[in-house]
Amino acid sequence: MIEPVTKERWERAQIAEAQYHTEQTEDHLRSTRTIFAYLGMDVNQKGKSIAEVGCGPYPSVLYCSYSLAVLYEPLGYDALRVAAVDKEGVVWFQQAFEDVIRPPHVDELWLFNCLQHVRDPEKVVEKAKETSRVIRFFEPIDFGTSEPHPHTFSIDDFTRWFGQANRYKGGTAEGFHTADCAYGSWYGK
């Protein structure tokens with residue numbers, strides 16, 4: 001079981017993480033395409049409703065076709081505000097996913113490089129399973145903690161949460177994660 005961090009520790013992590021996202025680059029689109037390739041996904045999401053937790057300033061879902069994009073991002077990134085506010089079919093909760101009282105049910109929920117940044121990963125996964133029957137994840141593992149990353153995970157954590165997980169070997173894909181990652185899809189009932 002992964003222990004939650006205090007609100008104060010989480011707030012420090014959010015401030016530190018925000019410093020990594022100052023401008024959009026081709027890296028964001030390339031990362032989305034790489035994640036999709038590993039997960040066997042297509043950018044044409046055929047009118048699905050998709051939630052993305054901890055999406056940062058450049059959500060992967062906004063590179064796709066969708067009927068509804070639900071974004072959970074507590075930081076008020078200007079780039080996200082421009083991309084999401086007043087855009088048809090986009091709902092942005094500017095708060096931590098754990099704090100949303102009744103998240104809307106969606107066809108899929110994505111956890112892409114966000115769990116190491118949340119207050120309570122166990123609660124996020126539990127709430128994700130209540131929100132969607134399909135969860136797609138791509139998350140760093142065996143990566144030490146730091147100011148922006150208050151949690152670390154092993155592949156066993158993802159196997160416990162989702163029944164199975166694949167391992168991406170860090171540095172395998174050019175210009176992508178240097179950390180090892182757990183990835184996969186969970187299909188609920």
# chains A, B, ... in the order shown; residues from 1 in each chain; ligands from 1

call {"tool": "residues_around", "arguments": {"residues": "stretch 168-184 of chain A", "least_positions_apart": "6", "cutoff": "6 Å", "atoms": "only C-alpha atoms", "output": "list of chain:residue names"}}
result
A:Arg136, A:Phe137, A:Phe138, A:Glu139, A:Pro140, A:Ile141, A:Ile155

call {"tool": "write_last_selection", "arguments": {"atoms": "all heavy atoms", "output": "mmCIF file, in the first residue's frame"}}
result
data_model
loop_
_atom_site.group_PDB
_atom_site.id
_atom_site.type_symbol
_atom_site.label_atom_id
_atom_site.label_comp_id
_atom_site.auth_asym_id
_atom_site.auth_seq_id
_atom_site.Cartn_x
_atom_site.Cartn_y
_atom_site.Cartn_z
ATOM 1 N N ARG A 136 -6.473 3.331 -18.783
ATOM 2 C CA ARG A 136 -5.193 3.174 -19.497
ATOM 3 C C ARG A 136 -4.141 3.889 -18.655
ATOM 4 O O ARG A 136 -4.361 4.997 -18.178
ATOM 5 C CB ARG A 136 -5.270 3.794 -20.871
ATOM 6 C CG ARG A 136 -6.496 3.308 -21.641
ATOM 7 C CD ARG A 136 -6.148 2.869 -23.007
ATOM 8 N NE ARG A 136 -7.350 2.580 -23.764
ATOM 9 C CZ ARG A 136 -7.622 1.400 -24.262
ATOM 10 N NH1 ARG A 136 -6.797 0.391 -24.070
ATOM 11 N NH2 ARG A 136 -8.711 1.207 -24.978
ATOM 12 N N PHE A 137 -3.000 3.223 -18.475
ATOM 13 C CA PHE A 137 -1.966 3.831 -17.636
ATOM 14 C C PHE A 137 -0.600 3.682 -18.274
ATOM 15 O O PHE A 137 -0.321 2.722 -19.004
ATOM 16 C CB PHE A 137 -1.975 3.227 -16.222
ATOM 17 C CG PHE A 137 -1.742 1.741 -16.161
ATOM 18 C CD1 PHE A 137 -0.467 1.229 -15.965
ATOM 19 C CD2 PHE A 137 -2.797 0.852 -16.287
ATOM 20 C CE1 PHE A 137 -0.249 -0.136 -15.912
ATOM 21 C CE2 PHE A 137 -2.595 -0.516 -16.227
ATOM 22 C CZ PHE A 137 -1.316 -1.013 -16.040
ATOM 23 N N PHE A 138 0.243 4.656 -18.024
ATOM 24 C CA PHE A 138 1.654 4.669 -18.424
ATOM 25 C C PHE A 138 2.349 5.524 -17.379
ATOM 26 O O PHE A 138 2.233 6.751 -17.388
ATOM 27 C CB PHE A 138 1.826 5.258 -19.825
ATOM 28 C CG PHE A 138 3.092 4.801 -20.497
ATOM 29 C CD1 PHE A 138 3.050 3.874 -21.529
ATOM 30 C CD2 PHE A 138 4.328 5.285 -20.092
ATOM 31 C CE1 PHE A 138 4.211 3.442 -22.152
ATOM 32 C CE2 PHE A 138 5.493 4.859 -20.701
ATOM 33 C CZ PHE A 138 5.441 3.928 -21.738
ATOM 34 N N GLU A 139 3.027 4.860 -16.440
ATOM 35 C CA GLU A 139 3.545 5.550 -15.259
ATOM 36 C C GLU A 139 4.973 5.110 -14.929
ATOM 37 O O GLU A 139 5.289 3.918 -15.014
ATOM 38 C CB GLU A 139 2.657 5.241 -14.047
ATOM 39 C CG GLU A 139 1.255 5.790 -14.142
ATOM 40 C CD GLU A 139 1.172 7.280 -13.856
ATOM 41 O OE1 GLU A 139 2.132 7.840 -13.272
ATOM 42 O OE2 GLU A 139 0.158 7.883 -14.209
ATOM 43 N N PRO A 140 5.849 6.036 -14.521
ATOM 44 C CA PRO A 140 7.208 5.684 -14.130
ATOM 45 C C PRO A 140 7.235 4.735 -12.924
ATOM 46 O O PRO A 140 6.411 4.843 -12.014
ATOM 47 C CB PRO A 140 7.848 7.024 -13.763
ATOM 48 C CG PRO A 140 7.041 8.032 -14.500
ATOM 49 C CD PRO A 140 5.643 7.485 -14.510
ATOM 50 N N ILE A 141 8.172 3.820 -12.949
ATOM 51 C CA ILE A 141 8.397 2.898 -11.829
ATOM 52 C C ILE A 141 9.875 2.888 -11.467
ATOM 53 O O ILE A 141 10.723 3.271 -12.277
ATOM 54 C CB ILE A 141 7.917 1.457 -12.143
ATOM 55 C CG1 ILE A 141 8.591 0.918 -13.403
ATOM 56 C CG2 ILE A 141 6.396 1.411 -12.262
ATOM 57 C CD1 ILE A 141 8.307 -0.546 -13.682
ATOM 58 N N ILE A 155 6.569 -2.190 -10.385
ATOM 59 C CA ILE A 155 5.618 -2.854 -11.274
ATOM 60 C C ILE A 155 4.592 -3.645 -10.469
ATOM 61 O O ILE A 155 3.437 -3.788 -10.878
ATOM 62 C CB ILE A 155 6.344 -3.729 -12.319
ATOM 63 C CG1 ILE A 155 5.376 -4.129 -13.438
ATOM 64 C CG2 ILE A 155 6.932 -4.972 -11.685
ATOM 65 C CD1 ILE A 155 5.777 -3.675 -14.781
#

call {"tool": "residues_around", "arguments": {"residues": "A:Ala13", "least_positions_apart": "6", "cutoff": "7 Å", "atoms": "only C-alpha atoms", "output": "PyMOL selection string"}}
result
chain A and resi 117+147-150

call {"tool": "closest_atom_pairs", "arguments": {"of": "stretch 51-119 of chain A", "to": "stretch 29-47 of chain A", "cutoff": "12 Å", "atoms": "only C-alpha atoms", "output": "tab-separated table"}}
result
residue	atom	partner	partner_atom	distance
A:Cys55	CA	A:Thr32	CA	11.4
A:Tyr58	CA	A:Leu29	CA	8.7
A:Pro59	CA	A:Thr32	CA	8.8
A:Ser60	CA	A:Thr32	CA	5.7
A:Val61	CA	A:Val43	CA	8.3
A:Leu62	CA	A:Val43	CA	9.5
A:Tyr63	CA	A:Val43	CA	7.0
A:Cys64	CA	A:Val43	CA	4.6
A:Ser65	CA	A:Asn44	CA	5.1
A:Tyr66	CA	A:Gly47	CA	4.5
A:Ser67	CA	A:Gly47	CA	4.4
A:Leu68	CA	A:Gly47	CA	7.7
A:Ala69	CA	A:Gly47	CA	10.1
A:Gly89	CA	A:Gly47	CA	10.5
A:Val106	CA	A:Gly47	CA	11.3
A:Asp107	CA	A:Gly47	CA	9.7
A:Glu108	CA	A:Gln45	CA	9.8
A:Trp110	CA	A:Ile35	CA	10.9
A:Leu111	CA	A:Ile35	CA	10.9
A:Phe112	CA	A:Ile35	CA	8.3
A:Asn113	CA	A:Ile35	CA	10.3

call {"tool": "atom_distance", "arguments": {"atom1": "atom CA of A:Ile2", "atom2": "atom CA of A:Ser146"}}
result
15.8 Å

call {"tool": "residues_around", "arguments": {"residues": "A:Lys189", "least_positions_apart": "4", "cutoff": "12 Å", "atoms": "only C-alpha atoms", "output": "PyMOL selection string"}}
result
chain A and resi 129-135

call {"tool": "closest_residue", "arguments": {"among": "A:Leu80, A:Val91, A:Val53, A:Leu75", "to": "A:Glu11", "atoms": "only C-alpha atoms"}}
result
A:Leu75

call {"tool": "select_by_dssp", "arguments": {"residues": "stretch 47-188 of chain A", "states": "strand (DSSP E or B)", "output": "ChimeraX atom specification"}}
result
/A:49-53,65,68-72,90-93,106,108-112,132,134-140,166-168,181-187

call {"tool": "select_by_dssp", "arguments": {"residues": "stretch 99-154 of chain A", "states": "helix (DSSP H, G or I)", "output": "list in words"}}
result
Asp99, Leu115, Gln116, His117, Pro121, Glu122, Lys123, Val124, Val125, Glu126, Lys127, Ala128, Lys129, Glu130 and Thr131 of chain A

call {"tool": "residues_around", "arguments": {"residues": "A:Asp157", "least_positions_apart": "5", "cutoff": "10 Å", "atoms": "only C-alpha atoms", "output": "PyMOL selection string"}}
result
chain A and resi 1-2+122+141+152+162-165+182

call {"tool": "write_last_selection", "arguments": {"atoms": "all heavy atoms", "output": "mmCIF file, in the first residue's frame"}}
result
data_model
loop_
_atom_site.group_PDB
_atom_site.id
_atom_site.type_symbol
_atom_site.label_atom_id
_atom_site.label_comp_id
_atom_site.auth_asym_id
_atom_site.auth_seq_id
_atom_site.Cartn_x
_atom_site.Cartn_y
_atom_site.Cartn_z
ATOM 1 N N MET A 1 0.841 -1.185 0.000
ATOM 2 C CA MET A 1 0.000 0.000 0.000
ATOM 3 C C MET A 1 0.885 1.248 0.000
ATOM 4 O O MET A 1 1.843 1.342 0.755
ATOM 5 C CB MET A 1 -0.898 -0.023 1.239
ATOM 6 C CG MET A 1 -1.766 1.155 1.367
ATOM 7 S SD MET A 1 -3.454 0.602 1.466
ATOM 8 C CE MET A 1 -4.228 2.097 1.883
ATOM 9 N N ILE A 2 0.549 2.185 -0.863
ATOM 10 C CA ILE A 2 1.284 3.441 -0.966
ATOM 11 C C ILE A 2 0.631 4.445 -0.016
ATOM 12 O O ILE A 2 -0.570 4.691 -0.083
ATOM 13 C CB ILE A 2 1.250 3.988 -2.407
ATOM 14 C CG1 ILE A 2 1.711 2.941 -3.421
ATOM 15 C CG2 ILE A 2 2.047 5.282 -2.513
ATOM 16 C CD1 ILE A 2 3.148 2.514 -3.283
ATOM 17 N N GLU A 122 -3.510 5.509 -3.999
ATOM 18 C CA GLU A 122 -4.494 4.445 -3.760
ATOM 19 C C GLU A 122 -5.911 4.984 -3.989
ATOM 20 O O GLU A 122 -6.736 4.322 -4.621
ATOM 21 C CB GLU A 122 -4.361 3.890 -2.336
ATOM 22 C CG GLU A 122 -3.010 3.293 -2.010
ATOM 23 C CD GLU A 122 -2.781 1.901 -2.590
ATOM 24 O OE1 GLU A 122 -3.744 1.268 -3.061
ATOM 25 O OE2 GLU A 122 -1.616 1.458 -2.560
ATOM 26 N N ILE A 141 8.172 3.820 -12.949
ATOM 27 C CA ILE A 141 8.397 2.898 -11.829
ATOM 28 C C ILE A 141 9.875 2.888 -11.467
ATOM 29 O O ILE A 141 10.723 3.271 -12.277
ATOM 30 C CB ILE A 141 7.917 1.457 -12.143
ATOM 31 C CG1 ILE A 141 8.591 0.918 -13.403
ATOM 32 C CG2 ILE A 141 6.396 1.411 -12.262
ATOM 33 C CD1 ILE A 141 8.307 -0.546 -13.682
ATOM 34 N N THR A 152 6.969 6.901 -5.271
ATOM 35 C CA THR A 152 7.644 6.010 -6.200
ATOM 36 C C THR A 152 6.889 4.687 -6.192
ATOM 37 O O THR A 152 6.249 4.334 -5.197
ATOM 38 C CB THR A 152 9.134 5.820 -5.829
ATOM 39 O OG1 THR A 152 9.773 5.060 -6.856
ATOM 40 C CG2 THR A 152 9.308 5.136 -4.486
ATOM 41 N N PHE A 162 -4.181 -3.256 -11.092
ATOM 42 C CA PHE A 162 -4.835 -3.496 -12.383
ATOM 43 C C PHE A 162 -4.777 -4.943 -12.870
ATOM 44 O O PHE A 162 -5.225 -5.229 -13.973
ATOM 45 C CB PHE A 162 -4.236 -2.558 -13.437
ATOM 46 C CG PHE A 162 -4.369 -1.105 -13.082
ATOM 47 C CD1 PHE A 162 -3.253 -0.329 -12.819
ATOM 48 C CD2 PHE A 162 -5.617 -0.500 -12.980
ATOM 49 C CE1 PHE A 162 -3.363 1.012 -12.484
ATOM 50 C CE2 PHE A 162 -5.743 0.833 -12.645
ATOM 51 C CZ PHE A 162 -4.622 1.600 -12.395
ATOM 52 N N GLY A 163 -4.232 -5.845 -12.060
ATOM 53 C CA GLY A 163 -4.203 -7.251 -12.443
ATOM 54 C C GLY A 163 -2.998 -7.639 -13.274
ATOM 55 O O GLY A 163 -2.478 -8.737 -13.129
ATOM 56 N N GLN A 164 -2.550 -6.755 -14.113
ATOM 57 C CA GLN A 164 -1.343 -6.993 -14.901
ATOM 58 C C GLN A 164 -0.764 -5.659 -15.350
ATOM 59 O O GLN A 164 -1.480 -4.662 -15.420
ATOM 60 C CB GLN A 164 -1.623 -7.874 -16.112
ATOM 61 C CG GLN A 164 -2.552 -7.245 -17.126
ATOM 62 C CD GLN A 164 -2.768 -8.162 -18.327
ATOM 63 O OE1 GLN A 164 -2.423 -9.332 -18.314
ATOM 64 N NE2 GLN A 164 -3.353 -7.607 -19.376
ATOM 65 N N ALA A 165 0.520 -5.671 -15.650
ATOM 66 C CA ALA A 165 1.200 -4.465 -16.126
ATOM 67 C C ALA A 165 2.389 -4.902 -16.959
ATOM 68 O O ALA A 165 3.047 -5.898 -16.650
ATOM 69 C CB ALA A 165 1.651 -3.595 -14.959
ATOM 70 N N ALA A 182 5.539 1.371 -16.005
ATOM 71 C CA ALA A 182 4.513 0.336 -16.073
ATOM 72 C C ALA A 182 3.427 0.872 -16.990
ATOM 73 O O ALA A 182 3.078 2.049 -16.928
ATOM 74 C CB ALA A 182 3.940 0.063 -14.685
#

call {"tool": "atom_distance", "arguments": {"atom1": "atom CA of A:Lys48", "atom2": "atom CA of A:Trp186"}}
result
16.4 Å

call {"tool": "closest_residue", "arguments": {"among": "A:Pro57, A:Gly188, A:Pro4, A:Pro121", "to": "A:Ala83", "atoms": "only C-alpha atoms"}}
result
A:Pro57

call {"tool": "closest_residue", "arguments": {"among": "A:Glu73, A:Glu3, A:Asp142, A:Asp120", "to": "A:Glu52", "atoms": "only C-alpha atoms"}}
result
A:Glu73
